[in-house]
Every structure is written in C-alpha cells, then in structure tokens.
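The file coords00.txt comes next; it holds compact mmCIF, C-alpha atoms.
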```txt
# COMPACT_ATOMS: atom_id res chain seq x y z
CA MET A 1 0.00 0.00 0.00
CA ILE A 2 1.45 3.30 -1.03
CA ARG A 3 0.46 6.15 1.26
CA TRP A 4 -0.51 8.64 -1.40
CA ASN A 5 -1.68 11.05 1.27
CA GLU A 6 1.99 11.88 1.87
CA PHE A 7 1.81 13.54 -1.52
CA THR A 8 -1.65 15.11 -1.35
CA LYS A 9 -1.39 16.42 2.21
CA GLY A 10 0.97 19.22 1.16
CA ILE A 11 -1.50 20.64 -1.33
CA VAL A 12 -4.46 21.41 0.96
CA LYS A 13 -4.61 19.66 4.33
CA GLU A 14 -1.10 20.60 5.48
CA ASN A 15 -0.39 23.33 2.97
CA PRO A 16 3.01 24.80 3.95
CA VAL A 17 1.87 28.39 3.50
CA LEU A 18 -1.79 28.52 4.48
CA ILE A 19 -1.85 25.91 7.27
CA LEU A 20 1.72 25.52 8.53
CA LEU A 21 2.54 29.20 7.88
CA LEU A 22 6.09 28.38 6.85
CA GLY A 23 8.28 30.29 4.42
CA LEU A 24 6.31 33.53 4.62
CA CYS A 25 9.39 35.77 4.36
CA PRO A 26 10.43 34.91 0.79
CA LEU A 27 6.75 34.52 -0.09
CA LEU A 28 5.89 38.10 0.81
CA ALA A 29 9.07 39.41 -0.78
CA VAL A 30 8.60 38.04 -4.29
CA SER A 31 4.85 37.61 -4.74
CA ALA A 32 4.24 41.10 -6.18
CA THR A 33 3.98 39.72 -9.71
CA ALA A 34 2.68 36.37 -10.95
CA VAL A 35 5.75 35.56 -13.04
CA ASN A 36 8.13 36.07 -10.12
CA SER A 37 5.88 33.97 -7.89
CA LEU A 38 5.82 31.06 -10.31
CA GLY A 39 9.61 31.25 -10.68
CA MET A 40 10.14 31.21 -6.93
CA GLY A 41 7.69 28.31 -6.57
CA ILE A 42 9.49 26.17 -9.12
CA ALA A 43 12.90 26.97 -7.60
CA VAL A 44 11.65 25.97 -4.13
CA LEU A 45 10.09 22.78 -5.48
CA PHE A 46 13.39 21.80 -7.06
CA VAL A 47 15.56 22.47 -4.01
CA LEU A 48 13.01 20.88 -1.67
CA VAL A 49 13.04 17.62 -3.63
CA GLY A 50 16.84 17.60 -3.68
CA SER A 51 17.36 18.34 -0.01
CA ASN A 52 14.64 15.93 1.14
CA LEU A 53 16.22 13.12 -0.89
CA VAL A 54 19.73 13.79 0.43
CA VAL A 55 18.60 14.11 4.06
CA SER A 56 16.50 10.95 3.81
CA LEU A 57 19.35 9.04 2.16
CA PHE A 58 21.86 9.88 4.92
CA ARG A 59 19.43 9.96 7.86
CA LYS A 60 21.07 6.93 9.50
CA PHE A 61 24.49 8.61 9.60
CA ILE A 62 23.41 11.98 10.95
CA PRO A 63 23.76 12.13 14.76
CA ASP A 64 20.71 13.47 16.58
CA GLY A 65 22.56 16.25 18.41
CA VAL A 66 23.91 18.01 15.32
CA ARG A 67 21.17 17.24 12.83
CA ILE A 68 20.07 20.88 12.36
CA PRO A 69 23.57 22.17 11.43
CA VAL A 70 23.97 19.19 9.10
CA PHE A 71 20.62 19.96 7.43
CA ILE A 72 21.63 23.57 6.96
CA ILE A 73 24.94 22.59 5.38
CA ILE A 74 23.18 20.14 3.04
CA ILE A 75 20.54 22.69 2.03
CA SER A 76 22.96 25.56 1.44
CA THR A 77 25.32 23.31 -0.53
CA PHE A 78 22.41 22.17 -2.64
CA VAL A 79 21.21 25.72 -3.24
CA THR A 80 24.68 26.98 -4.21
CA VAL A 81 25.30 24.05 -6.56
CA THR A 82 21.90 24.66 -8.18
CA ASP A 83 22.78 28.33 -8.59
CA TYR A 84 26.13 27.58 -10.28
CA LEU A 85 24.73 24.88 -12.55
CA MET A 86 21.84 27.07 -13.64
CA ALA A 87 24.14 30.02 -14.34
CA ALA A 88 26.49 27.87 -16.41
CA TYR A 89 24.13 25.66 -18.39
CA TYR A 90 20.75 27.44 -18.47
CA PRO A 91 21.57 31.17 -18.55
CA PRO A 92 18.07 32.32 -19.63
CA LEU A 93 16.47 30.42 -16.76
CA HIS A 94 19.10 31.77 -14.37
CA LYS A 95 18.39 35.28 -15.56
CA SER A 96 14.73 35.05 -14.59
CA LEU A 97 15.10 32.86 -11.47
CA GLY A 98 18.60 33.90 -10.38
CA VAL A 99 17.55 36.39 -7.71
CA PHE A 100 15.31 33.86 -5.95
CA VAL A 101 17.81 31.05 -5.63
CA PRO A 102 19.81 32.55 -2.73
CA LEU A 103 16.48 33.42 -1.08
CA ILE A 104 15.60 29.73 -0.90
CA VAL A 105 18.22 29.18 1.81
CA VAL A 106 16.13 31.25 4.22
CA ASN A 107 12.93 29.42 3.30
CA CYS A 108 12.07 27.44 6.39
CA ILE A 109 9.76 25.08 4.51
CA ILE A 110 12.86 23.26 3.36
CA LEU A 111 14.50 23.02 6.77
CA GLY A 112 11.11 22.17 8.26
CA ARG A 113 10.45 19.26 5.91
CA ALA A 114 13.99 17.94 6.43
CA GLU A 115 13.50 17.95 10.20
CA VAL A 116 9.87 16.81 10.38
CA PHE A 117 9.69 14.38 7.51
CA ALA A 118 12.81 13.41 5.58
CA TYR A 119 14.84 12.65 8.73
CA ARG A 120 12.23 10.12 9.86
CA ASN A 121 11.00 8.55 6.61
CA ASN A 122 12.40 6.55 3.72
CA LEU A 123 13.50 7.86 0.36
CA PHE A 124 10.26 7.29 -1.54
CA TYR A 125 7.97 8.94 0.99
CA SER A 126 10.41 11.83 1.36
CA LEU A 127 10.18 12.35 -2.39
CA LEU A 128 6.37 12.29 -2.28
CA ASP A 129 6.36 14.69 0.66
CA ALA A 130 8.74 17.11 -1.11
CA LEU A 131 6.71 17.04 -4.33
CA GLY A 132 3.44 17.65 -2.47
CA MET A 133 4.80 20.42 -0.26
CA GLY A 134 6.62 22.07 -3.15
CA LEU A 135 3.52 21.94 -5.31
CA GLY A 136 1.39 23.34 -2.48
CA PHE A 137 3.82 26.23 -2.08
CA THR A 138 3.96 26.88 -5.83
CA VAL A 139 0.17 26.92 -6.20
CA VAL A 140 -0.40 29.27 -3.26
CA ILE A 141 2.41 31.69 -4.11
CA THR A 142 1.22 31.87 -7.72
CA ILE A 143 -2.36 32.60 -6.62
CA ILE A 144 -1.09 35.34 -4.29
CA GLY A 145 1.09 36.74 -7.06
CA MET A 146 -1.82 36.82 -9.50
CA ILE A 147 -4.13 38.56 -7.01
CA ARG A 148 -1.52 41.15 -6.05
CA GLU A 149 -0.51 41.82 -9.62
CA LEU A 150 -4.13 42.13 -10.77
CA LEU A 151 -5.12 44.57 -8.03
CA GLY A 152 -1.76 46.35 -7.84
CA SER A 153 -0.77 46.86 -11.46
CA GLY A 154 -3.87 45.71 -13.37
CA THR A 155 -2.18 42.88 -15.27
CA VAL A 156 -1.93 39.10 -14.94
CA PHE A 157 1.40 37.46 -15.88
CA GLY A 158 2.31 40.82 -17.43
CA PHE A 159 -0.58 40.75 -19.93
CA GLY A 160 -3.77 42.70 -20.30
CA ASN A 161 -5.01 45.71 -18.43
CA PHE A 162 -8.00 44.74 -16.31
CA VAL A 163 -8.09 47.44 -13.65
CA SER A 164 -8.15 51.10 -14.64
CA TYR A 165 -7.03 52.43 -11.24
CA PRO A 166 -4.67 49.87 -9.67
CA ALA A 167 -4.08 50.16 -5.92
CA LEU A 168 -0.33 50.59 -5.41
CA ILE A 169 -0.55 49.24 -1.88
CA MET A 170 -1.17 45.73 -3.20
CA ILE A 171 2.35 45.54 -4.66
CA LEU A 172 3.92 46.89 -1.49
CA PRO A 173 4.44 44.68 1.58
CA PRO A 174 1.05 45.53 3.20
CA GLY A 175 -0.70 44.13 0.12
CA GLY A 176 1.08 40.84 0.65
CA PHE A 177 -0.07 40.61 4.26
CA ILE A 178 -3.65 41.53 3.35
CA THR A 179 -3.82 38.97 0.54
CA ILE A 180 -2.36 36.15 2.60
CA GLY A 181 -4.65 37.01 5.51
CA PHE A 182 -7.76 36.76 3.36
CA LEU A 183 -6.57 33.50 1.80
CA ILE A 184 -5.94 31.90 5.22
CA GLY A 185 -9.34 33.14 6.38
CA ALA A 186 -11.08 31.74 3.31
CA LEU A 187 -9.42 28.35 3.70
CA ASN A 188 -10.29 28.16 7.42
CA TRP A 189 -13.89 29.12 6.71
CA TYR A 190 -14.11 26.44 4.03
CA ARG A 191 -12.56 23.78 6.28
CA GLN A 192 -14.93 24.55 9.16
CA LYS A 193 -17.98 24.54 6.96
CA TYR A 194 -17.24 21.26 5.19
CA LYS A 195 -15.44 19.38 7.95
CA MET B 1 32.14 12.00 26.20
CA LYS B 2 32.68 9.43 23.48
CA ASN B 3 29.75 11.03 21.67
CA VAL B 4 31.55 14.35 21.35
CA PHE B 5 34.17 12.82 19.12
CA LYS B 6 31.61 10.95 17.06
CA THR B 7 29.39 13.96 16.39
CA GLY B 8 32.44 16.14 15.85
CA PHE B 9 33.74 13.67 13.33
CA VAL B 10 30.44 13.48 11.43
CA LEU B 11 30.06 17.26 11.38
CA THR B 12 33.62 17.68 10.09
CA ALA B 13 33.06 15.02 7.45
CA VAL B 14 29.86 16.68 6.25
CA CYS B 15 31.60 20.06 6.01
CA VAL B 16 34.60 18.60 4.15
CA ILE B 17 32.37 16.76 1.69
CA SER B 18 30.19 19.80 1.01
CA ALA B 19 33.27 22.02 0.60
CA ALA B 20 34.71 19.50 -1.87
CA ILE B 21 31.47 19.37 -3.88
CA LEU B 22 31.21 23.16 -3.90
CA SER B 23 34.79 23.76 -5.04
CA PHE B 24 34.44 21.09 -7.72
CA VAL B 25 31.22 22.55 -9.13
CA TYR B 26 32.61 26.10 -8.84
CA GLN B 27 35.71 25.25 -10.85
CA LYS B 28 33.71 23.39 -13.47
CA THR B 29 31.16 26.16 -13.96
CA LYS B 30 33.30 29.29 -13.54
CA PRO B 31 34.68 29.47 -17.09
CA LEU B 32 31.18 28.98 -18.51
CA ILE B 33 29.69 31.61 -16.20
CA ASP B 34 32.43 34.13 -17.05
CA GLN B 35 31.94 33.46 -20.75
CA GLN B 36 28.24 34.06 -20.36
CA ARG B 37 28.81 37.30 -18.46
CA GLU B 38 31.18 38.63 -21.12
CA LYS B 39 28.72 37.71 -23.84
CA ASN B 40 25.97 39.57 -21.98
CA ILE B 41 28.19 42.66 -21.63
CA ARG B 42 28.96 42.58 -25.36
CA ILE B 43 25.25 42.24 -26.19
CA ALA B 44 24.44 45.16 -23.88
CA GLN B 45 27.18 47.31 -25.44
CA LYS B 46 25.79 46.65 -28.89
CA GLU B 47 22.32 47.47 -27.69
CA VAL B 48 23.19 50.93 -26.39
CA LEU B 49 25.51 51.81 -29.30
CA SER B 50 24.22 49.82 -32.25
CA GLN B 51 26.30 51.66 -34.86
CA ALA B 52 29.53 50.32 -33.38
CA VAL B 53 31.07 47.02 -34.46
CA VAL B 54 34.29 46.97 -32.43
CA PHE B 55 34.80 48.19 -28.88
CA GLU B 56 38.13 49.17 -27.43
CA PRO B 57 38.66 49.81 -23.74
CA LEU B 58 40.12 53.13 -22.60
CA LYS B 59 41.11 54.18 -19.11
CA ILE B 60 40.73 57.77 -17.98
CA GLY B 61 41.82 58.26 -14.40
CA GLU B 62 40.15 55.48 -12.45
CA LYS B 63 37.19 55.01 -14.76
CA GLU B 64 37.00 52.65 -17.65
CA LEU B 65 35.08 53.24 -20.82
CA ASN B 66 34.78 51.58 -24.19
CA ILE B 67 35.15 53.46 -27.44
CA GLY B 68 32.98 52.13 -30.25
CA TYR B 69 34.18 52.04 -33.86
CA ASN B 70 32.08 51.25 -36.92
CA ASP B 71 33.08 48.87 -39.73
CA ILE B 72 35.25 51.42 -41.52
CA GLY B 73 37.11 52.32 -38.35
CA ASP B 74 35.45 55.64 -37.53
CA ARG B 75 34.79 56.48 -33.93
CA VAL B 76 31.01 56.48 -33.44
CA GLY B 77 30.68 56.89 -29.71
CA VAL B 78 31.49 55.71 -26.24
CA VAL B 79 29.98 53.15 -23.88
CA MET B 80 30.30 53.24 -20.13
CA ASN B 81 29.13 51.15 -17.19
CA ILE B 82 27.59 53.23 -14.41
CA SER B 83 26.05 52.41 -11.08
CA ALA B 84 23.45 54.48 -9.22
CA LYS B 85 22.17 54.31 -5.65
CA GLY B 86 18.53 53.31 -5.99
CA TYR B 87 15.71 52.93 -3.50
CA SER B 88 16.88 49.57 -2.18
CA GLY B 89 20.35 49.01 -3.57
CA LYS B 90 22.61 49.48 -6.52
CA ILE B 91 21.26 50.02 -10.03
CA ASP B 92 23.82 48.88 -12.58
CA MET B 93 23.40 50.46 -15.97
CA ILE B 94 25.18 50.72 -19.28
CA ILE B 95 25.07 53.96 -21.21
CA GLY B 96 26.03 54.66 -24.81
CA LEU B 97 26.74 58.13 -26.21
CA ASN B 98 27.31 59.34 -29.74
CA ASN B 99 30.02 61.76 -30.84
CA GLU B 100 27.85 64.79 -29.98
CA ALA B 101 27.67 63.75 -26.30
CA GLU B 102 24.01 62.79 -26.66
CA ILE B 103 22.64 59.63 -25.16
CA ASN B 104 22.28 56.94 -27.79
CA GLY B 105 20.96 54.23 -25.50
CA LEU B 106 20.54 53.40 -21.83
CA LYS B 107 19.95 49.97 -20.38
CA VAL B 108 19.54 48.71 -16.82
CA LEU B 109 21.61 45.59 -16.28
CA GLN B 110 20.86 44.75 -12.68
CA HIS B 111 18.79 46.28 -9.91
CA THR B 112 16.92 45.47 -6.71
CA GLU B 113 14.12 48.05 -6.91
CA THR B 114 10.59 47.28 -5.71
CA PRO B 115 8.86 44.92 -8.15
CA GLY B 116 5.97 46.66 -9.87
CA LEU B 117 7.15 50.14 -8.87
CA GLY B 118 10.83 51.01 -9.07
CA ALA B 119 11.42 47.97 -11.24
CA LYS B 120 9.65 49.84 -14.04
CA ILE B 121 12.95 51.66 -14.70
CA THR B 122 13.85 48.71 -16.90
CA GLN B 123 10.87 49.33 -19.17
CA GLU B 124 11.30 50.69 -22.65
CA SER B 125 8.71 53.44 -22.03
CA PHE B 126 10.91 54.99 -19.33
CA LEU B 127 14.33 54.42 -20.87
CA LYS B 128 13.47 55.66 -24.37
CA GLN B 129 13.03 59.15 -22.88
CA PHE B 130 16.80 59.32 -22.50
CA VAL B 131 17.61 58.81 -26.17
CA GLY B 132 18.96 61.98 -27.78
CA LYS B 133 19.21 63.90 -24.51
CA LYS B 134 22.17 66.06 -23.52
CA ASN B 135 23.34 66.59 -19.97
CA ASP B 136 21.23 69.73 -19.40
CA ASP B 137 18.02 67.83 -20.23
CA LEU B 138 18.67 65.18 -17.61
CA MET B 139 16.39 66.34 -14.82
CA LEU B 140 13.01 65.12 -13.69
CA SER B 141 10.43 67.38 -15.31
CA LYS B 142 8.40 67.58 -12.12
CA LYS B 143 11.34 68.99 -10.15
CA ASP B 144 12.79 71.32 -12.73
CA SER B 145 11.15 73.07 -15.66
CA SER B 146 14.19 72.48 -17.88
CA GLY B 147 14.14 68.75 -17.16
CA LYS B 148 12.87 66.48 -19.89
CA ILE B 149 12.54 63.14 -18.11
CA ASP B 150 9.13 62.11 -16.73
CA ALA B 151 9.41 60.15 -13.50
CA ILE B 152 7.58 56.86 -12.98
CA THR B 153 4.48 57.22 -10.80
CA GLY B 154 5.25 56.04 -7.28
CA ALA B 155 8.94 55.55 -8.01
CA THR B 156 10.45 59.03 -7.87
CA ILE B 157 13.56 57.85 -6.03
CA SER B 158 14.39 55.17 -8.59
CA SER B 159 13.70 57.54 -11.48
CA ARG B 160 15.82 60.24 -9.87
CA ALA B 161 18.66 57.77 -9.28
CA VAL B 162 18.79 56.73 -12.94
CA THR B 163 18.46 60.31 -14.20
CA GLY B 164 20.94 61.77 -11.72
CA GLU B 165 23.59 59.16 -12.31
CA SER B 166 23.42 59.48 -16.09
CA LYS B 167 23.73 63.26 -15.69
CA ILE B 168 26.85 62.81 -13.54
CA CYS B 169 28.24 60.45 -16.14
CA LEU B 170 27.56 62.87 -18.99
CA ASN B 171 29.12 65.77 -17.09
CA TRP B 172 32.18 63.69 -16.35
CA LEU B 173 32.51 62.52 -19.95
CA ASN B 174 32.09 66.07 -21.21
CA GLU B 175 34.95 67.23 -19.02
CA ASN B 176 37.28 64.28 -19.32
CA TYR B 177 36.55 62.76 -22.69
CA TYR B 178 34.83 65.04 -25.17
CA LEU B 179 36.93 68.15 -24.46
CA ARG B 180 40.16 66.23 -24.44
CA LYS B 181 39.22 64.28 -27.52
CA GLU B 182 39.01 67.51 -29.46
CA ASP B 183 42.46 68.48 -28.23
CA LYS B 184 43.78 65.15 -29.36
CA ASP B 185 42.13 65.40 -32.76
CA ASP B 186 43.71 68.81 -33.27
CA GLN B 187 47.11 67.46 -32.45
CA VAL B 188 46.75 64.63 -34.93
CA GLU B 189 45.89 67.02 -37.71
```
Written as structure tokens, how would this file's structure read?
Amino acid sequence: MIRWNEFTKGIVKENPVLILLLGLCPLLAVSATAVNSLGMGIAVLFVLVGSNLVVSLFRKFIPDGVRIPVFIIIISTFVTVTDYLMAAYYPPLHKSLGVFVPLIVVNCIILGRAEVFAYRNNLFYSLLDALGMGLGFTVVITIIGMIRELLGSGTVFGFGNFVSYPALIMILPPGGFITIGFLIGALNWYRQKYK
Amino acid sequence: MKNVFKTGFVLTAVCVISAAILSFVYQKTKPLIDQQREKNIRIAQKEVLSQAVVFEPLKIGEKELNIGYNDIGDRVGVVMNISAKGYSGKIDMIIGLNNEAEINGLKVLQHTETPGLGAKITQESFLKQFVGKKNDDLMLSKKDSSGKIDAITGATISSRAVTGESKICLNWLNENYYLRKEDKDDQVE
C-alpha cells in the first residue's frame, strides 16, 4: 500500500503556506507579480526535492545532536550548486530565477520538511512529501502573485489591463499581508464549513 | 564524552564533503559563467551603441570606458558602465553616447528596486526618454522646468537615481573625454 496522502497532504490539508505558515518571508518578498511567484515556486520545489532526498538518504548517519547544522549545510550546498549549474548551463532560466535562488536558503519550509519528515522517513515517501509540499507552495504563491498583480498593477502574468485604477498598496508589503490574511481566512472558513 | 568525538567527526566530514562538492562545481562552472557574463556585456554594449562594431577599452583616471568604432574604423561613440544608488540598492546600468555627447541608449543591467514600482525603470517606455538627450536635459520634469525626463508614478527615487547618475556620467565625460578628444584630434591634424 502506497500512502498517497503523503503527496496530497501538502497541497491542501497541510499546505506549507496557508496551514503551517512556513516560508512567509520569501513569499511576501517576491509575490508582487505572478511571473516572479511562479519562478520562486518552481525553484523551491526543485531544491526541496533535492534536499529531502539527500537528508533521507543519509538519515542513518546523521547524529541526533547536530542534525540541524547538518541539514543547513546540506541545504545551502544544494542551493549553491543549483545556482552555479543554472548560471552555467541554463543562462536564460538563471536570468529570470537567479535572484530567488539565494532566497531559498532562508525558506524554512525546506528546513522544516527535512526535520519533520525526511529525517524520519524513507526515500520514496520523502520524495512524495517534497513534491506535495513544493507543489502546495507553488500553487499558493502563484495565486497570491496573480491577485496582487491584478489589483496592484492591473495585469496578470504581465498581460492585459483589467483594472483602470490599480491600488499601489497591493504591490507593497502591506498588500502581501492583506492577501495572505484573506486566503488563510477563506481556507479556514471552508474547512470549518465542510469538515 | 565518546559522543563528542563521534558527532564532531560526522560534522567535520559533512563540512569537508560539502566544501569539496562546492569547489568542484565552482571550478567546473566558472569558465562557462564568465563566458556568459562577457557575452551579456557585449550584447548590452551593442544594444546601447548599435552603430559600433568593435569596442576598445580606454582608461581615464580610475574610470574605464569603451570606445565604439564602426566597420570602416570611424569612432562612433562611447559606452560606459555606471552604477546608481537606488531605493533599495545598486542600479547597474550601461550607457552609450554618440560623438555629440548625446545619449544613444541606456539599459539597466541589474537592480533590486521594488517589483511593480521602481522595477519599471527597466521598461522601454521609461528608458526611451533618455535617447537623444544632452546633460542639461537630464532632470526630472516635475522637479525642474528644464528637465525632460518624466518620473515613474510612485517611483520618484528610482527615477531620480537613474536620471541623476546618467547626468553625472555625462558631465564627467564632457569634461574628461569630449573636451580632451578635441584636443587630441587637433594634435593629430
């Protein structure tokens, strides 16, 4: 029996952003436009899968007392290697995602999943967990990016012009807090109503 | 007590391995990354001074600039890298000028301005205002009646940074390059 819920839990039930409230710092920083949000989401997904796999693979060798420093070293090595490889072999991708890659190091979703899940579960479930959590993060950050961009600059993914008088505040940090607050509220309301 | 050595050993091993991986990847990718960066600089130079085919570096004092020559070897202008203090960090730009000390092209290479506000300095609609301007025109029109650059709504600081820095650059070039160039040309003749 494969526990598929390890994959699906990250998308709604234990969504890293809306339920666990992890990784809000980079989320608020880059979600002003939909394109940036999608880029950040994909970059996080990639690093999360990599770090979860490595942590899960070596979990038997990592002593309990120093596991957090070891996780941090693994994650930052992984992020830096990703950054170099992208810059060398996929320059166009690096040009659009480059600024977000160093930001991933401070994303506590990755450290959180390493500690809570990958350290205690086998390789396959760690992969499922990383994919689910990464996807959950990507979906939510893209939705936030689309809302903020639509209300703040009147476009979606840089196209169109839907709002004649965009509210500047939505692109600024307060707009991020407002959007994420309403999203968390909506999800909680939905969960209570249909429990 | 025995544990101290064990954890210390594991921690050291992890650090050594990650340092080894990092230095390996760094050495493998560095030439490619440098190549890419140089290619990008060449593309940017061509973009701000499209008439030029060959660029030759020239050092005046501490600043470096590139003189552009066309295919028959005539000097068509000068390209310079400049860096302004923006709202939230450095704005790196490349500026190209023709022989009459007018701006031929301006491009933002790298910046950390607010997305959706200050980041609009990279847009064509803002930057095309600079084409054909001389140093006296380089003021924000809302601050000075002789200025000919319209600031971006909600991003006055970023607009002012770009405008101000290009003005400084033009003033400097006028003093150190264009005036001296005429001296030099006279001497040659």
Atom CA of Glu113 of chain B and atom CA of Gly132 of chain B, how far apart in Å?
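According to the coordinates, atom CA of Gly132 of chain B and atom CA of Glu113 of chain B are separated by 25.6 Å.
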Considering only C-alpha atoms, tabulate each residue of chain A that lies at most 7 Å from chain B along with its nearest interatomic pair and the corresponding distance in Å to one decimal; arrange the rows by chain and ascending residue number and present them as JSON lines.
```
{"residue": "A:Ala32", "atom": "CA", "partner": "B:Pro115", "partner_atom": "CA", "distance": 6.3}
{"residue": "A:Pro63", "atom": "CA", "partner": "B:Thr7", "partner_atom": "CA", "distance": 6.1}
{"residue": "A:Val66", "atom": "CA", "partner": "B:Thr7", "partner_atom": "CA", "distance": 6.9}
{"residue": "A:Val70", "atom": "CA", "partner": "B:Leu11", "partner_atom": "CA", "distance": 6.8}
{"residue": "A:Thr77", "atom": "CA", "partner": "B:Ser18", "partner_atom": "CA", "distance": 6.2}
{"residue": "A:Val81", "atom": "CA", "partner": "B:Leu22", "partner_atom": "CA", "distance": 6.5}
{"residue": "A:Tyr84", "atom": "CA", "partner": "B:Thr29", "partner_atom": "CA", "distance": 6.4}
{"residue": "A:Leu85", "atom": "CA", "partner": "B:Thr29", "partner_atom": "CA", "distance": 6.7}
{"residue": "A:Ala87", "atom": "CA", "partner": "B:Ile33", "partner_atom": "CA", "distance": 6.1}
{"residue": "A:Ala88", "atom": "CA", "partner": "B:Ile33", "partner_atom": "CA", "distance": 4.9}
{"residue": "A:Ser153", "atom": "CA", "partner": "B:Gly116", "partner_atom": "CA", "distance": 6.9}
{"residue": "A:Ile171", "atom": "CA", "partner": "B:Gly116", "partner_atom": "CA", "distance": 6.4}
```
Residues of segment 87-123 of chain A that have any atom at most 12 Å from an atom of segment 39-56 of chain B: could you tabulate them with the shortest-distance atom pair and the distance in Å to one decimal, using all atoms listed in the file, ordered by chain and increasing number, as a Markdown table?
```
| residue | atom | partner | partner_atom | distance |
| --- | --- | --- | --- | --- |
| A:Pro91 | CA | B:Asn40 | CA | 10.1 |
| A:Pro92 | CA | B:Asn40 | CA | 11.0 |
| A:Lys95 | CA | B:Asn40 | CA | 10.8 |
```
Could you please determine the separation between atom CA of Met133 of chain A and atom CA of Gly112 of chain A in Å, to one decimal place?
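A separation of 10.7 Å between them.
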When you count all atoms listed in the file, which of these residues is closest to Val105 of chain A: A:Leu27, A:Ala186, A:Leu135, A:Ile72?
A:Ile72
Can you measure atom CA of Asp83 of chain A to atom CA of Val101 of chain A for me? One decimal in Å is fine.
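According to the coordinates, atom CA of Asp83 of chain A and atom CA of Val101 of chain A are separated by 6.4 Å.
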